[in-house]
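Student: After the structure tokens below, expect a handful of questions from me.
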Amino acid sequence: MNVLLKQTWAGLRLLIAMTVLLGIVYPLGVWAVSRIPGLQGHAEGSVVTQNGQAVGSSLIGIDPVPADPAHDPWFHNRPSASSKDVLGPGDPSTSGPSNKGPYNEDLTKAIAQRRELIAKREGVDPAEVPADAVTASGSGLDPAISVAYADLQVLRVARNTGLSEEKVRQLVADNTTGNGIGAPGVNVLQLNLAVHSTAPGAH
């Protein structure tokens, strides 16, 4: 009987200790670390604010939808595999890749459709459309595009915002970082916010 009581007490003490350690101390420790200056923004989801309001996350790319497709003043993200529309926008609640191989008939058809649609939208030859413009990222919510894809969209954005081509190219340069995969990338949310701030009439 004494052995049973000792074992029960030992088990109970272990349960209490682990509950305090893993249920209280560890969560509080993680929370305290997340409050360290420089880490707090990342812990909160890297939220981007404008005029005191949250407008998105610098880690999530969601393709903007123009109010009038014929008057499109925005830079566009890469397509999303989760979208029903071949060009997007994607659904951030269902992010993920398509898992389709490079020889998959549906994938090659979608890429060809995207290439034609983007070439028509930007007024260029389909051969000028870069690869990241027609392929979805692994998450489907890549926040950045290549400099080549951003450059492809400059003339359309300038035309629809009334900004000069030189000014739009400067905005692209200002929002180009080394965060692209293997090459500099352009954060589309930050770039579009810069466009909107410079040309408030864009919508």
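If you're wondering about the labels, chains in the structure tokens are A, B, ... by order shown, residues count from 1 in each chain, ligands from 1 in order shown.
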Quick one: everything within 8 Å of Glu116 of chain A, counting only C-alpha atoms, minus sequence neighbours fewer than 4 positions away in the same chain. Send it as a list of chain:residue names.

Tutor: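 Those residues are A:Ala112, A:Lys120, A:Pro126.
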
Student: I'd like the neighbourhood of Val188 of chain A as a PDB file with N, CA, C and O atoms, in the first residue's frame, where a residue qualifies if any of its atoms comes within 9 Å (using only C-alpha atoms), though same-chain residues fewer than 4 positions away should be ignored.

Tutor:
ATOM      1  N   SER A  58       3.546  41.674 -44.785  1.00  0.00           N
ATOM      2  CA  SER A  58       4.670  41.691 -45.729  1.00  0.00           C
ATOM      3  C   SER A  58       5.090  40.280 -46.108  1.00  0.00           C
ATOM      4  O   SER A  58       5.898  40.093 -47.012  1.00  0.00           O
ATOM      5  N   GLY A  61       1.392  37.369 -50.001  1.00  0.00           N
ATOM      6  CA  GLY A  61       1.054  38.047 -51.240  1.00  0.00           C
ATOM      7  C   GLY A  61      -0.347  37.666 -51.711  1.00  0.00           C
ATOM      8  O   GLY A  61      -0.637  36.498 -51.914  1.00  0.00           O
ATOM      9  N   ILE A  62      -1.204  38.652 -51.829  1.00  0.00           N
ATOM     10  CA  ILE A  62      -2.562  38.436 -52.338  1.00  0.00           C
ATOM     11  C   ILE A  62      -2.753  39.345 -53.538  1.00  0.00           C
ATOM     12  O   ILE A  62      -2.604  40.564 -53.432  1.00  0.00           O
ATOM     13  N   ASP A  63      -3.045  38.766 -54.680  1.00  0.00           N
ATOM     14  CA  ASP A  63      -3.126  39.547 -55.906  1.00  0.00           C
ATOM     15  C   ASP A  63      -4.244  40.587 -55.814  1.00  0.00           C
ATOM     16  O   ASP A  63      -5.386  40.251 -55.480  1.00  0.00           O
ATOM     17  N   TRP A  74      -2.436  48.532 -60.635  1.00  0.00           N
ATOM     18  CA  TRP A  74      -1.676  47.821 -59.614  1.00  0.00           C
ATOM     19  C   TRP A  74      -0.660  46.830 -60.190  1.00  0.00           C
ATOM     20  O   TRP A  74      -0.863  46.264 -61.263  1.00  0.00           O
ATOM     21  N   PHE A  75       0.387  46.614 -59.409  1.00  0.00           N
ATOM     22  CA  PHE A  75       1.320  45.535 -59.706  1.00  0.00           C
ATOM     23  C   PHE A  75       0.691  44.240 -59.206  1.00  0.00           C
ATOM     24  O   PHE A  75       0.017  44.227 -58.173  1.00  0.00           O
ATOM     25  N   HIS A  76       0.933  43.160 -59.928  1.00  0.00           N
ATOM     26  CA  HIS A  76       0.321  41.884 -59.570  1.00  0.00           C
ATOM     27  C   HIS A  76       1.344  40.886 -59.034  1.00  0.00           C
ATOM     28  O   HIS A  76       2.511  40.880 -59.424  1.00  0.00           O
ATOM     29  N   ASN A  77       0.849  40.036 -58.129  1.00  0.00           N
ATOM     30  CA  ASN A  77       1.653  38.958 -57.560  1.00  0.00           C
ATOM     31  C   ASN A  77       1.743  37.791 -58.533  1.00  0.00           C
ATOM     32  O   ASN A  77       1.116  37.783 -59.598  1.00  0.00           O
ATOM     33  N   PRO A 143       4.997  36.719 -51.345  1.00  0.00           N
ATOM     34  CA  PRO A 143       4.769  38.171 -51.316  1.00  0.00           C
ATOM     35  C   PRO A 143       5.592  38.937 -52.340  1.00  0.00           C
ATOM     36  O   PRO A 143       5.319  40.103 -52.597  1.00  0.00           O
ATOM     37  N   ALA A 144       6.609  38.290 -52.928  1.00  0.00           N
ATOM     38  CA  ALA A 144       7.517  39.000 -53.825  1.00  0.00           C
ATOM     39  C   ALA A 144       7.471  38.454 -55.240  1.00  0.00           C
ATOM     40  O   ALA A 144       7.138  37.294 -55.466  1.00  0.00           O
ATOM     41  N   ILE A 145       7.807  39.316 -56.178  1.00  0.00           N
ATOM     42  CA  ILE A 145       7.950  38.925 -57.573  1.00  0.00           C
ATOM     43  C   ILE A 145       9.363  39.310 -58.024  1.00  0.00           C
ATOM     44  O   ILE A 145      10.050  40.078 -57.347  1.00  0.00           O
ATOM     45  N   ALA A 150       8.235  42.765 -62.275  1.00  0.00           N
ATOM     46  CA  ALA A 150       7.855  44.127 -61.895  1.00  0.00           C
ATOM     47  C   ALA A 150       8.102  45.082 -63.059  1.00  0.00           C
ATOM     48  O   ALA A 150       7.255  45.927 -63.381  1.00  0.00           O
ATOM     49  N   ASN A 175      11.543  49.466 -53.640  1.00  0.00           N
ATOM     50  CA  ASN A 175      10.921  48.327 -52.960  1.00  0.00           C
ATOM     51  C   ASN A 175      11.544  46.993 -53.357  1.00  0.00           C
ATOM     52  O   ASN A 175      10.950  45.938 -53.157  1.00  0.00           O
ATOM     53  N   ASN A 192       2.695  48.440 -54.075  1.00  0.00           N
ATOM     54  CA  ASN A 192       1.375  49.002 -54.374  1.00  0.00           C
ATOM     55  C   ASN A 192       0.992  50.104 -53.391  1.00  0.00           C
ATOM     56  O   ASN A 192       0.317  51.078 -53.761  1.00  0.00           O
ATOM     57  N   LEU A 193       1.413  49.969 -52.129  1.00  0.00           N
ATOM     58  CA  LEU A 193       1.155  51.036 -51.159  1.00  0.00           C
ATOM     59  C   LEU A 193       1.920  52.302 -51.556  1.00  0.00           C
ATOM     60  O   LEU A 193       1.409  53.415 -51.408  1.00  0.00           O
TER      61      LEU A 193
END

Student: Quick one: DSSP strand (DSSP E) residues in segment 93-188 of chain A, as a short mmCIF file (atom, residue, chain, number, x, y, z; two decimals) with N, CA, C and O atoms, in the first residue's frame?

Tutor:
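Saved the output as part_33.cif:
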data_model
loop_
_atom_site.label_atom_id
_atom_site.label_comp_id
_atom_site.auth_asym_id
_atom_site.auth_seq_id
_atom_site.Cartn_x
_atom_site.Cartn_y
_atom_site.Cartn_z
N ALA A 144 6.61 38.29 -52.93
CA ALA A 144 7.52 39.00 -53.82
C ALA A 144 7.47 38.45 -55.24
O ALA A 144 7.14 37.29 -55.47
N ILE A 145 7.81 39.32 -56.18
CA ILE A 145 7.95 38.92 -57.57
C ILE A 145 9.36 39.31 -58.02
O ILE A 145 10.05 40.08 -57.35
N SER A 146 9.78 38.77 -59.14
CA SER A 146 11.10 39.10 -59.65
C SER A 146 11.12 40.53 -60.17
O SER A 146 10.07 41.12 -60.49
N THR A 176 12.72 47.06 -53.95
CA THR A 176 13.46 45.85 -54.31
C THR A 176 14.44 45.51 -53.19
O THR A 176 15.20 46.37 -52.75
N THR A 177 14.39 44.27 -52.75
CA THR A 177 15.27 43.82 -51.67
C THR A 177 15.99 42.55 -52.11
O THR A 177 15.75 42.02 -53.20
N GLY A 185 14.14 40.52 -55.02
CA GLY A 185 12.70 40.42 -55.20
C GLY A 185 12.02 41.73 -54.88
O GLY A 185 12.58 42.60 -54.20
N VAL A 186 10.80 41.91 -55.35
CA VAL A 186 10.02 43.13 -55.14
C VAL A 186 8.76 42.77 -54.36
O VAL A 186 7.95 41.96 -54.83
N ASN A 187 8.61 43.33 -53.15
CA ASN A 187 7.42 43.06 -52.34
C ASN A 187 6.24 43.81 -52.95
O ASN A 187 6.23 45.05 -52.98
#
